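Peer 1: protein-v9.cif is the file, holding mmCIF, C-alpha atoms:
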```cif
data_start
#
loop_
_atom_site.label_atom_id
_atom_site.label_comp_id
_atom_site.auth_asym_id
_atom_site.auth_seq_id
_atom_site.Cartn_x
_atom_site.Cartn_y
_atom_site.Cartn_z
CA MET A 1 13.70 7.98 -3.45
CA PRO A 2 11.79 9.76 -0.70
CA ILE A 3 12.45 8.83 2.89
CA THR A 4 9.38 6.94 4.08
CA THR A 5 10.41 6.78 7.73
CA GLU A 6 9.01 9.62 9.79
CA PHE A 7 11.10 11.26 12.48
CA ALA A 8 11.45 14.46 14.45
CA TYR A 9 14.37 16.80 13.70
CA HIS A 10 16.24 18.60 16.48
CA LYS A 11 19.19 20.96 16.18
CA PRO A 12 20.57 21.52 19.70
CA LYS A 13 22.83 24.51 20.39
CA ASP A 14 25.17 22.84 22.86
CA LEU A 15 26.33 19.44 24.03
CA ALA A 16 24.20 19.47 27.17
CA GLU A 17 21.05 19.97 25.11
CA ALA A 18 22.10 17.22 22.68
CA SER A 19 22.74 14.82 25.56
CA ALA A 20 19.38 15.63 27.12
CA LEU A 21 17.64 14.92 23.79
CA LEU A 22 19.45 11.61 23.32
CA ALA A 23 18.51 10.62 26.87
CA ARG A 24 14.88 11.66 26.32
CA TYR A 25 14.56 9.36 23.29
CA GLN A 26 16.19 6.49 25.25
CA GLY A 27 18.29 5.22 22.37
CA ARG A 28 15.64 5.78 19.70
CA ALA A 29 17.31 8.93 18.34
CA MET A 30 20.41 9.14 16.15
CA PRO A 31 22.98 11.92 15.87
CA LEU A 32 23.27 13.51 12.41
CA ALA A 33 26.54 15.09 11.30
CA GLY A 34 27.41 14.94 7.58
CA GLY A 35 24.56 12.54 6.86
CA THR A 36 26.33 10.85 3.94
CA ASP A 37 25.69 7.47 5.58
CA LEU A 38 22.66 8.25 7.75
CA ILE A 39 20.47 9.78 5.02
CA LEU A 40 21.14 6.74 2.84
CA TRP A 41 20.24 4.37 5.68
CA LEU A 42 17.00 6.31 6.23
CA LYS A 43 16.16 6.05 2.51
CA GLU A 44 16.84 2.34 2.46
CA GLY A 45 14.95 1.71 5.69
CA LEU A 46 18.05 0.32 7.42
CA LYS A 47 17.53 2.76 10.30
CA ALA A 48 14.24 4.12 11.59
CA PRO A 49 14.97 6.47 14.49
CA GLU A 50 12.21 8.44 16.18
CA ALA A 51 14.37 11.53 15.94
CA VAL A 52 17.58 12.75 14.35
CA ILE A 53 19.72 15.10 16.39
CA ASP A 54 21.64 17.43 14.07
CA ILE A 55 24.92 18.20 15.84
CA LYS A 56 26.11 20.83 13.36
CA GLY A 57 24.79 23.68 15.48
CA ILE A 58 27.03 22.81 18.44
CA PRO A 59 30.18 25.00 18.40
CA GLU A 60 31.91 22.67 20.93
CA LEU A 61 32.07 20.05 18.18
CA TRP A 62 33.68 22.30 15.56
CA HIS A 63 37.17 22.50 17.02
CA LEU A 64 40.27 21.22 15.29
CA ASP A 65 43.20 22.17 17.49
CA VAL A 66 45.92 20.98 19.85
CA LYS A 67 44.99 20.89 23.53
CA GLY A 68 47.00 19.31 26.33
CA GLY A 69 49.37 17.39 24.04
CA SER A 70 46.66 16.00 21.75
CA LEU A 71 45.03 17.03 18.50
CA ALA A 72 41.29 17.17 19.13
CA ILE A 73 39.07 16.72 16.10
CA GLY A 74 35.47 17.68 16.92
CA ALA A 75 32.68 15.42 15.73
CA ARG A 76 31.47 17.98 13.19
CA VAL A 77 34.84 18.30 11.41
CA THR A 78 34.64 17.13 7.79
CA PHE A 79 37.25 15.28 5.78
CA THR A 80 37.68 18.39 3.62
CA GLU A 81 38.48 20.41 6.76
CA LEU A 82 41.10 17.80 7.75
CA ILE A 83 42.64 17.94 4.27
CA GLU A 84 42.73 21.75 4.36
CA SER A 85 44.34 21.84 7.83
CA GLU A 86 48.08 22.59 7.87
CA LEU A 87 48.14 21.27 11.43
CA VAL A 88 46.86 17.86 10.34
CA LYS A 89 49.18 17.78 7.33
CA GLU A 90 52.26 18.63 9.39
CA ARG A 91 51.62 16.68 12.58
CA PHE A 92 49.51 13.73 11.39
CA PRO A 93 50.32 13.32 7.69
CA VAL A 94 49.10 9.70 7.54
CA LEU A 95 45.62 10.86 8.57
CA TRP A 96 45.90 13.67 6.02
CA GLU A 97 46.90 11.21 3.30
CA ALA A 98 44.08 8.82 4.20
CA SER A 99 41.47 11.61 4.32
CA ARG A 100 42.25 12.49 0.71
CA THR A 101 41.24 8.99 -0.39
CA VAL A 102 37.77 9.05 1.19
CA ALA A 103 34.93 8.93 -1.36
CA SER A 104 34.69 12.04 -3.57
CA CYS A 105 35.13 15.76 -3.03
CA GLY A 106 31.38 16.37 -2.78
CA VAL A 107 31.09 13.68 -0.11
CA ARG A 108 34.22 14.81 1.80
CA ASN A 109 32.76 18.33 1.99
CA ARG A 110 30.01 16.90 4.17
CA ALA A 111 31.22 13.61 5.67
CA THR A 112 32.95 13.68 9.06
CA LEU A 113 35.72 11.57 10.57
CA ALA A 114 33.52 10.89 13.60
CA GLY A 115 30.67 9.74 11.35
CA ASN A 116 33.05 7.45 9.48
CA LEU A 117 34.01 5.85 12.81
CA CYS A 118 30.37 5.48 13.85
CA ALA A 119 29.37 3.88 10.53
CA ALA A 120 32.21 1.43 11.24
CA VAL A 121 32.16 -0.38 7.92
CA PRO A 122 35.21 -2.67 7.58
CA SER A 123 36.62 -0.63 4.66
CA LEU A 124 36.65 2.76 6.42
CA ASP A 125 39.69 4.78 5.38
CA GLY A 126 39.64 6.88 8.55
CA ALA A 127 40.50 4.06 10.93
CA PRO A 128 43.96 2.71 10.04
CA ALA A 129 45.62 6.11 10.50
CA LEU A 130 43.85 6.64 13.83
CA LEU A 131 44.95 3.18 14.98
CA VAL A 132 48.65 3.81 14.21
CA TYR A 133 48.51 7.22 15.92
CA ASP A 134 47.00 5.57 19.06
CA ALA A 135 43.93 7.83 18.88
CA CYS A 136 40.95 7.62 21.19
CA VAL A 137 37.29 8.56 20.84
CA ARG A 138 35.83 10.89 23.43
CA THR A 139 32.13 10.24 23.93
CA ARG A 140 29.49 12.14 25.82
CA GLY A 141 26.63 10.30 27.50
CA PRO A 142 23.82 11.45 29.76
CA ALA A 143 25.88 10.82 32.90
CA GLU A 144 29.52 10.75 31.91
CA GLU A 145 32.24 11.32 29.38
CA ARG A 146 34.21 8.30 28.23
CA GLU A 147 37.54 7.97 26.48
CA ILE A 148 37.59 4.85 24.31
CA PRO A 149 40.91 3.76 22.74
CA MET A 150 40.67 3.13 18.98
CA SER A 151 41.78 -0.46 19.64
CA GLU A 152 38.54 -1.02 21.61
CA TRP A 153 36.22 1.10 19.45
CA PHE A 154 35.17 -1.42 16.79
CA THR A 155 33.21 -4.37 18.15
CA GLY A 156 32.20 -5.86 14.79
CA PRO A 157 31.25 -4.84 11.26
CA LYS A 158 29.12 -1.68 11.62
CA ARG A 159 29.28 -2.07 15.41
CA THR A 160 31.10 0.13 17.89
CA ALA A 161 31.53 0.60 21.62
CA LEU A 162 29.25 3.69 21.46
CA LEU A 163 26.16 3.28 23.63
CA PRO A 164 22.71 4.23 22.26
CA GLU A 165 22.42 7.40 24.37
CA GLU A 166 25.98 8.55 23.75
CA LEU A 167 27.40 10.68 20.99
CA VAL A 168 30.95 11.19 19.83
CA ALA A 169 32.32 14.55 20.97
CA ALA A 170 35.79 14.31 19.47
CA VAL A 171 38.55 12.10 18.19
CA GLU A 172 41.85 12.77 19.96
CA LEU A 173 45.34 11.98 18.68
CA PRO A 174 48.31 12.31 21.06
CA LEU A 175 51.15 14.32 19.51
CA PRO A 176 53.93 11.84 18.71
CA ALA A 177 56.82 12.17 21.17
CA LYS A 178 59.40 11.16 18.57
CA LYS A 179 59.92 11.97 14.92
CA THR A 180 57.55 9.89 12.81
CA ALA A 181 56.74 9.33 9.17
CA GLY A 182 54.36 6.98 7.44
CA CYS A 183 51.84 6.46 4.71
CA TYR A 184 48.32 5.28 3.88
CA VAL A 185 48.26 2.83 1.00
CA LYS A 186 44.81 2.27 -0.49
CA LEU A 187 43.88 -0.24 -3.13
CA GLY A 188 40.65 0.47 -5.01
CA ARG A 189 39.31 -0.74 -8.33
CA TYR A 190 40.32 2.61 -9.81
CA GLN A 191 41.67 5.97 -8.65
CA GLY A 192 38.97 8.21 -7.22
CA GLU A 193 35.72 7.47 -5.40
CA ASP A 194 35.94 3.85 -4.45
CA LEU A 195 35.85 1.92 -1.21
CA ALA A 196 39.09 0.22 -0.23
CA GLN A 197 39.72 -3.34 -1.31
CA VAL A 198 42.66 -3.18 1.08
CA GLY A 199 43.81 -0.22 3.18
CA LEU A 200 47.07 -0.07 5.13
CA ALA A 201 48.49 2.64 7.38
CA VAL A 202 52.17 2.49 8.29
CA LEU A 203 53.89 4.65 10.89
CA ALA A 204 57.66 4.49 11.42
CA GLU A 205 59.08 6.10 14.56
CA ALA A 206 62.65 7.27 14.92
CA GLY A 207 64.40 4.57 16.93
CA GLY A 208 62.97 1.67 14.94
CA THR A 209 59.41 1.26 16.22
CA TRP A 210 56.70 0.39 13.69
CA LYS A 211 52.94 0.67 13.83
CA LEU A 212 50.73 -0.89 11.17
CA ALA A 213 46.96 -1.14 10.72
CA PHE A 214 44.80 -2.68 8.01
CA CYS A 215 41.20 -2.04 6.94
CA ALA A 216 38.86 -3.86 4.51
CA VAL A 217 40.54 -7.21 5.15
CA GLY A 218 38.66 -8.37 8.25
CA PRO A 219 35.48 -7.65 10.20
CA VAL A 220 37.08 -4.57 11.79
CA ALA A 221 40.07 -2.34 11.11
CA LYS A 222 42.94 -3.42 13.37
CA ARG A 223 46.64 -3.20 14.14
CA ALA A 224 49.00 -5.87 12.76
CA GLU A 225 50.80 -6.58 16.01
CA ARG A 226 52.68 -9.71 14.96
CA ILE A 227 54.29 -7.84 12.09
CA GLU A 228 55.03 -4.86 14.36
CA SER A 229 56.81 -7.18 16.86
CA LEU A 230 58.85 -8.74 14.08
CA LEU A 231 59.99 -5.35 12.76
CA ASN A 232 60.57 -3.43 15.98
CA GLY A 233 64.19 -2.65 16.69
CA LYS A 234 65.48 -4.23 13.48
CA LYS A 235 66.95 -2.60 10.43
CA LEU A 236 64.62 -2.81 7.43
CA SER A 237 66.08 -5.21 4.85
CA ASP A 238 64.72 -7.26 1.97
CA ALA A 239 64.98 -10.40 4.11
CA LEU A 240 63.05 -8.77 6.96
CA ILE A 241 60.37 -7.47 4.56
CA ALA A 242 59.98 -11.01 3.16
CA LYS A 243 59.45 -12.33 6.71
CA ALA A 244 56.90 -9.57 7.38
CA LYS A 245 55.01 -10.39 4.17
CA ALA A 246 54.86 -14.04 5.21
CA LEU A 247 52.99 -12.98 8.37
CA VAL A 248 50.26 -11.08 6.50
CA ALA A 249 47.98 -14.13 6.19
CA GLN A 250 48.03 -14.48 9.99
CA GLU A 251 47.08 -10.84 10.52
CA ILE A 252 44.12 -10.45 8.19
CA SER A 253 40.99 -12.44 7.34
CA PRO A 254 39.59 -11.02 4.10
CA ILE A 255 36.42 -12.24 2.43
CA THR A 256 35.41 -12.42 -1.22
CA ASP A 257 32.83 -9.79 -2.11
CA ILE A 258 31.74 -7.64 -5.03
CA ARG A 259 34.94 -5.55 -4.91
CA ALA A 260 37.64 -8.24 -4.70
CA SER A 261 38.31 -11.89 -3.97
CA LYS A 262 39.85 -13.11 -0.74
CA GLU A 263 42.92 -14.37 -2.63
CA TYR A 264 43.49 -11.05 -4.40
CA ARG A 265 43.20 -9.15 -1.13
CA LEU A 266 45.68 -11.49 0.59
CA HIS A 267 48.17 -11.14 -2.25
CA MET A 268 47.84 -7.37 -2.54
CA ALA A 269 48.02 -6.81 1.22
CA ALA A 270 51.53 -8.30 1.15
CA VAL A 271 52.53 -6.20 -1.88
CA MET A 272 51.16 -3.09 -0.18
CA LEU A 273 52.99 -3.93 3.04
CA GLU A 274 56.32 -3.93 1.20
CA ARG A 275 55.55 -0.61 -0.50
CA GLY A 276 54.23 0.88 2.71
CA LEU A 277 57.28 -0.10 4.76
CA LYS A 278 59.69 1.23 2.14
CA THR A 279 57.74 4.46 1.70
CA ALA A 280 57.52 5.09 5.45
CA ALA A 281 61.25 4.38 5.90
CA ALA A 282 62.14 6.69 3.01
CA ARG A 283 59.93 9.48 4.33
CA LEU A 284 61.42 9.12 7.81
CA ALA A 285 64.83 9.63 6.19
CA GLY A 286 63.55 12.79 4.48
CA LYS A 287 63.22 11.08 1.10
CA GLY A 288 60.46 9.22 -0.67
CA PRO A 289 57.37 10.51 -2.46
CA ALA A 290 55.55 13.56 -1.12
CA TYR A 291 52.50 12.88 1.05
CA GLY A 292 49.45 12.47 -1.14
CA ALA A 293 51.31 10.86 -4.04
CA SER A 294 49.77 7.66 -5.32
CA LEU A 295 51.57 4.65 -3.85
CA ILE A 296 49.78 2.02 -5.95
CA MET B 297 6.15 14.92 12.16
CA THR B 298 6.29 18.65 12.56
CA LYS B 299 6.40 20.76 9.44
CA ALA B 300 9.05 23.45 9.44
CA THR B 301 9.42 26.57 7.38
CA ILE B 302 12.99 26.93 6.18
CA SER B 303 14.58 30.03 4.69
CA LEU B 304 17.49 29.88 2.34
CA LYS B 305 19.21 32.01 -0.23
CA LEU B 306 18.75 30.14 -3.50
CA ASN B 307 20.79 31.44 -6.42
CA GLY B 308 20.96 34.84 -4.75
CA ILE B 309 17.25 35.12 -3.96
CA ALA B 310 15.76 34.72 -0.47
CA ARG B 311 13.26 31.86 -0.48
CA SER B 312 11.09 30.23 2.17
CA VAL B 313 9.46 26.84 1.89
CA ASP B 314 7.55 24.44 4.14
CA VAL B 315 9.27 21.08 4.55
CA GLU B 316 8.81 17.87 6.50
CA PRO B 317 11.82 16.63 8.50
CA ASN B 318 12.22 13.70 6.07
CA ASP B 319 12.18 15.81 2.89
CA VAL B 320 15.46 15.53 1.02
CA LEU B 321 17.08 18.70 -0.34
CA VAL B 322 17.22 17.60 -3.99
CA ASP B 323 13.48 16.83 -4.00
CA VAL B 324 12.61 20.17 -2.40
CA LEU B 325 14.80 22.06 -4.88
CA ARG B 326 13.21 20.31 -7.85
CA ASP B 327 9.59 19.87 -6.76
CA LYS B 328 8.91 22.77 -4.42
CA LEU B 329 11.37 25.45 -5.55
CA GLY B 330 11.34 24.70 -9.29
CA VAL B 331 15.09 24.36 -9.81
CA LYS B 332 15.65 21.51 -12.23
CA SER B 333 19.42 21.29 -12.82
CA PRO B 334 20.15 19.01 -9.84
CA LYS B 335 18.95 15.58 -10.87
CA VAL B 336 18.36 12.32 -9.09
CA GLY B 337 20.60 9.68 -10.60
CA CYS B 338 21.78 7.05 -8.15
CA ASP B 339 20.05 8.71 -5.18
CA ARG B 340 22.87 7.49 -2.91
CA GLY B 341 25.74 9.94 -3.30
CA ASP B 342 27.74 8.02 -5.88
CA CYS B 343 26.92 9.65 -9.23
CA GLY B 344 27.10 13.41 -8.64
CA THR B 345 24.08 14.50 -10.71
CA CYS B 346 22.40 16.09 -7.67
CA THR B 347 25.43 18.28 -6.90
CA VAL B 348 24.74 21.80 -5.58
CA LEU B 349 26.93 24.35 -3.83
CA LEU B 350 25.90 24.57 -0.18
CA ASN B 351 27.59 27.55 1.48
CA GLY B 352 30.13 27.52 -1.34
CA ARG B 353 31.06 23.83 -1.28
CA THR B 354 29.74 21.05 -3.49
CA VAL B 355 27.50 18.57 -1.72
CA ARG B 356 25.36 15.65 -2.81
CA SER B 357 21.88 17.14 -2.34
CA CYS B 358 20.37 13.64 -2.33
CA LEU B 359 22.16 13.08 1.01
CA VAL B 360 21.10 16.32 2.71
CA LEU B 361 17.80 16.85 4.49
CA ALA B 362 16.08 20.01 3.30
CA VAL B 363 15.70 21.14 6.90
CA GLU B 364 19.51 21.06 7.27
CA ALA B 365 19.75 23.79 4.63
CA ASP B 366 17.78 26.29 6.76
CA GLY B 367 19.73 29.54 6.85
CA SER B 368 22.15 28.39 4.14
CA GLU B 369 23.13 29.67 0.73
CA VAL B 370 22.41 27.22 -2.07
CA VAL B 371 23.73 27.76 -5.58
CA THR B 372 22.77 25.48 -8.45
CA LEU B 373 23.89 25.50 -12.06
CA GLU B 374 21.21 28.13 -12.77
CA GLY B 375 22.87 30.42 -10.22
CA ILE B 376 26.35 30.47 -11.68
CA SER B 377 25.26 31.41 -15.19
CA LYS B 378 22.82 34.24 -14.54
CA ASP B 379 24.93 36.62 -16.62
CA GLY B 380 25.41 34.10 -19.41
CA PRO B 381 27.70 31.08 -19.59
CA THR B 382 30.91 31.23 -17.55
CA LYS B 383 34.36 30.79 -19.11
CA LEU B 384 34.28 27.20 -17.96
CA GLN B 385 30.91 26.55 -19.56
CA LYS B 386 32.09 28.14 -22.81
CA ALA B 387 35.13 25.84 -22.77
CA PHE B 388 32.82 22.84 -22.35
CA VAL B 389 30.72 24.02 -25.32
CA GLU B 390 33.76 24.66 -27.52
CA ARG B 391 34.97 21.11 -27.02
CA SER B 392 31.53 19.46 -27.13
CA SER B 393 32.46 18.07 -23.74
CA PHE B 394 29.05 16.61 -23.06
CA GLN B 395 26.81 14.33 -25.06
CA CYS B 396 23.56 13.61 -23.23
CA GLY B 397 24.22 16.31 -20.63
CA PHE B 398 22.83 14.49 -17.60
CA CYS B 399 26.12 14.78 -15.70
CA ALA B 400 26.79 18.36 -16.84
CA PRO B 401 25.36 20.25 -13.82
CA GLY B 402 27.47 18.20 -11.40
CA MET B 403 30.57 18.42 -13.59
CA VAL B 404 30.22 22.19 -14.03
CA LEU B 405 29.70 22.83 -10.31
CA SER B 406 32.51 20.46 -9.26
CA ALA B 407 34.92 22.11 -11.69
CA THR B 408 33.73 25.57 -10.60
CA GLU B 409 34.53 24.72 -6.97
CA LEU B 410 37.95 23.35 -7.96
CA LEU B 411 38.91 26.44 -9.95
CA GLN B 412 37.72 28.77 -7.18
CA ASN B 413 40.06 27.10 -4.67
CA ASN B 414 42.85 26.18 -7.09
CA PRO B 415 42.88 28.24 -10.31
CA HIS B 416 45.69 26.23 -11.94
CA PRO B 417 45.17 22.57 -11.02
CA HIS B 418 47.19 19.81 -12.65
CA ARG B 419 45.49 16.94 -14.43
CA GLU B 420 45.39 14.61 -11.43
CA GLU B 421 43.74 17.31 -9.31
CA ILE B 422 41.12 17.81 -12.03
CA GLN B 423 40.45 14.09 -12.16
CA GLU B 424 40.09 13.91 -8.38
CA ALA B 425 37.76 16.94 -8.32
CA ILE B 426 35.33 15.41 -10.81
CA ALA B 427 35.62 11.84 -9.47
CA GLY B 428 32.20 10.90 -8.18
CA ASN B 429 30.50 12.61 -11.13
CA LEU B 430 29.69 9.72 -13.42
CA CYS B 431 29.53 10.30 -17.18
CA ARG B 432 28.44 7.37 -19.33
CA CYS B 433 28.86 9.12 -22.71
CA THR B 434 32.24 10.73 -23.12
CA GLY B 435 34.94 8.76 -21.35
CA TYR B 436 35.71 11.99 -19.45
CA SER B 437 38.54 13.16 -21.75
CA PRO B 438 36.76 16.15 -23.33
CA ILE B 439 35.53 17.20 -19.88
CA ILE B 440 39.01 17.10 -18.36
CA GLU B 441 40.49 18.89 -21.38
CA ALA B 442 38.00 21.75 -21.11
CA ILE B 443 38.83 22.25 -17.42
CA GLU B 444 42.54 22.12 -18.27
CA ALA B 445 42.04 24.76 -20.97
CA VAL B 446 40.40 27.16 -18.49
CA SER B 447 43.04 26.47 -15.84
CA ARG B 448 45.81 27.44 -18.27
CA LYS B 449 44.30 30.90 -18.82
#
```
Could you write out this structure as structure tokens?
Peer 2:
Amino acid sequence: MPITTEFAYHKPKDLAEASALLARYQGRAMPLAGGTDLILWLKEGLKAPEAVIDIKGIPELWHLDVKGGSLAIGARVTFTELIESELVKERFPVLWEASRTVASCGVRNRATLAGNLCAAVPSLDGAPALLVYDACVRTRGPAEEREIPMSEWFTGPKRTALLPEELVAAVELPLPAKKTAGCYVKLGRYQGEDLAQVGLAVLAEAGGTWKLAFCAVGPVAKRAERIESLLNGKKLSDALIAKAKALVAQEISPITDIRASKEYRLHMAAVMLERGLKTAAARLAGKGPAYGASLI
Amino acid sequence: MTKATISLKLNGIARSVDVEPNDVLVDVLRDKLGVKSPKVGCDRGDCGTCTVLLNGRTVRSCLVLAVEADGSEVVTLEGISKDGPTKLQKAFVERSSFQCGFCAPGMVLSATELLQNNPHPHREEIQEAIAGNLCRCTGYSPIIEAIEAVSRK
């Protein structure tokens, strides 16, 4: 299918030039990174920008390194680059584990974490891990930089706090102060290339603090704070897990769609919570399955 | 829209072609550059038939603008078998891994990328590497077995 929308193509060499272009088009231009969502939207006529601004020529957006106590992931960094990064695997293994479940290899070679966040579909695998690691999105606008916490990033399905003339510069994850372990549990219709029916990230911190976040079971990916409060400071037991599972229906609001029914999602979210908690606890104790192993 | 002339190395040969900003790479490869192995199946990145190697990595060429490939190296199925079929392709032939062949270019390139980065993958890694390349004929088994056979060598 050819793209019938006509647009100008720009490939700025630095962030200042990109910002100036976005300002010039006054919200009628869109940044292009991996394009695995944007090109499809252009084909289907869902977006009709006057210009696309290809950010792949901007070296400032290529970085993937630790600066000032945070891991900074530039907006041009692909899921494949995250998976191939020892730094990500060692310091943020839940993000590493989640990245491996995104789409297919040929899509991950192109698709970026920042683009995943900007597409903001409810099933995005990138978000739960970022939520449990308390990440933030650094944006660049014509006048200022902003730092938006992940908890405030999603404003609705396919809607974010990003303003029309802004672009994402980086996603930043503070290095955990304590020892942590966790997991990303993804339910799809089959292994390999499917969107999540339910996604759950779990992060256990030494000292008994828990962080949990779901995707695909509500309009936006979000933390499960009631369950976190229940678990914090307590020793994980079968009775406690049963209480946590009973809270799942209060935390999520799934719908029935082509990939799963509401009832199936509610049921499986509780099953996945139990597996996720046990896996995270085992990994924190130096046991449990290796990161990347299938947990479903 | 402003036409642009892009230059790329296609299967080892320097090529230049005029493109519009909204031209998609798979269409330019097929219609303007005469390379027919990448095919348009789903046209939305799900089926893998348009797979090409862009700077050494598989991409869905139905989701790449042609203008994005300016200055890049593109290798299609035609480019990996210039000196005759590769070991992997021979293994596919020996096992009659394909029936209609529509998915073959994507399968061959995806498996080629896998074996370049990981010469001895286990079965699950093979399955993950070819996930997103849809085959409606074979049930995948003879494809996976051929890749396994090459990875054991």
Peer 1: Residues of chain B no more than 10 Å from chain A, counting all atoms listed in the file: send them over as an MDAnalysis selection string.
Peer 2: chainID B and resid 297:300 316:320 323 336 338:344 347:350 353:361 363:364 402 406 409:410 420 423:429
Peer 1: Any idea what the distance is between CA of Arg391 in chain B and CA of Ile439 in chain B?
Peer 2: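 Distance reported for this atom pair: 8.2 Å.
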Peer 1: To one decimal in Å, tell me the separation between CA of Ala365 in chain B and CA of Ala75 in chain A.
Peer 2: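 Here the two named atoms are 19.0 Å from each other.
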Peer 1: If I wrap all listed atoms of range 308-312 of chain B in a box with edges along x, y and z and add 8 Å on each side, what are its centre and edge lengths in Å to one decimal, as JSON?
Peer 2:
```
{"center_x": 16.0, "center_y": 32.7, "center_z": -1.3, "size_x": 25.9, "size_y": 20.9, "size_z": 22.9}
```
Peer 1: Using the chain letters and numbers from this file, what does the PyMOL selection byres ((chain A and resi 227-242) around 6) select? Give the answer as a list in words.
Peer 2: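 Given this file, the PyMOL selection byres ((chain A and resi 227-242) around 6) evaluates to Gly208, Thr209, Trp210, Lys211, Ala224, Glu225, Arg226, Lys243, Ala244 and Lys245 of chain A.
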Peer 1: Give the answer as one residue: which of A:Ser70, A:Cys136, A:Ala143, A:Ser123 has the shortest atom-to-atom distance to Ala161 in chain A, using only C-alpha atoms?
Peer 2: A:Cys136
Peer 1: Let me know the residues the PyMOL selection byres ((chain A and resi 263) around 12) catches in the file above, as a list in words.
Peer 2: Gln197, Val198, Val217, Ala249, Ile252, Ser253, Pro254, Ile255, Thr256, Asp257, Ala260, Ser261, Lys262, Tyr264, Arg265, Leu266, His267, Met268, Ala269 and Ala270 of chain A
Peer 1: Do you know which residues are at most 7 Å from Ser333 in chain B counting all atoms listed in the file, after dropping those on the same chain fewer than 6 positions away, and could you put them as a list in words?
Peer 2: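 My reading of the contact set: Thr372, Leu373 and Pro401 of chain B.
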Peer 1: Could you write range 359-373 of chain B as a tab-separated table (two decimals), keeping the file's coordinate frame, with N, CA and C atoms rebuilt where they are missing?
Peer 2:
```tsv
chain	number	residue	atom	x	y	z
B	359	LEU	N	21.77	13.57	-0.32
B	359	LEU	CA	22.16	13.08	1.01
B	359	LEU	C	22.07	14.19	2.06
B	360	VAL	N	21.28	15.22	1.76
B	360	VAL	CA	21.10	16.32	2.71
B	360	VAL	C	19.60	16.47	2.96
B	361	LEU	N	19.20	16.55	4.21
B	361	LEU	CA	17.80	16.85	4.49
B	361	LEU	C	17.55	18.32	4.17
B	362	ALA	N	16.38	18.62	3.64
B	362	ALA	CA	16.08	20.01	3.30
B	362	ALA	C	16.17	20.89	4.55
B	363	VAL	N	15.73	20.36	5.67
B	363	VAL	CA	15.70	21.14	6.90
B	363	VAL	C	17.12	21.53	7.34
B	364	GLU	N	18.12	20.73	6.95
B	364	GLU	CA	19.51	21.06	7.27
B	364	GLU	C	19.97	22.32	6.53
B	365	ALA	N	19.32	22.64	5.44
B	365	ALA	CA	19.75	23.79	4.63
B	365	ALA	C	19.15	25.10	5.12
B	366	ASP	N	18.37	25.05	6.21
B	366	ASP	CA	17.78	26.29	6.76
B	366	ASP	C	18.89	27.29	7.07
B	367	GLY	N	18.74	28.50	6.58
B	367	GLY	CA	19.73	29.54	6.85
B	367	GLY	C	20.96	29.48	5.96
B	368	SER	N	20.96	28.58	4.98
B	368	SER	CA	22.15	28.39	4.14
B	368	SER	C	22.01	29.14	2.81
B	369	GLU	N	23.13	29.17	2.10
B	369	GLU	CA	23.13	29.67	0.73
B	369	GLU	C	23.29	28.49	-0.21
B	370	VAL	N	22.34	28.32	-1.11
B	370	VAL	CA	22.41	27.22	-2.07
B	370	VAL	C	22.56	27.81	-3.47
B	371	VAL	N	23.55	27.33	-4.20
B	371	VAL	CA	23.73	27.76	-5.58
B	371	VAL	C	23.70	26.53	-6.47
B	372	THR	N	22.85	26.58	-7.48
B	372	THR	CA	22.77	25.48	-8.45
B	372	THR	C	23.36	25.98	-9.76
B	373	LEU	N	23.36	25.10	-10.76
B	373	LEU	CA	23.89	25.50	-12.06
B	373	LEU	C	23.24	26.80	-12.55
```
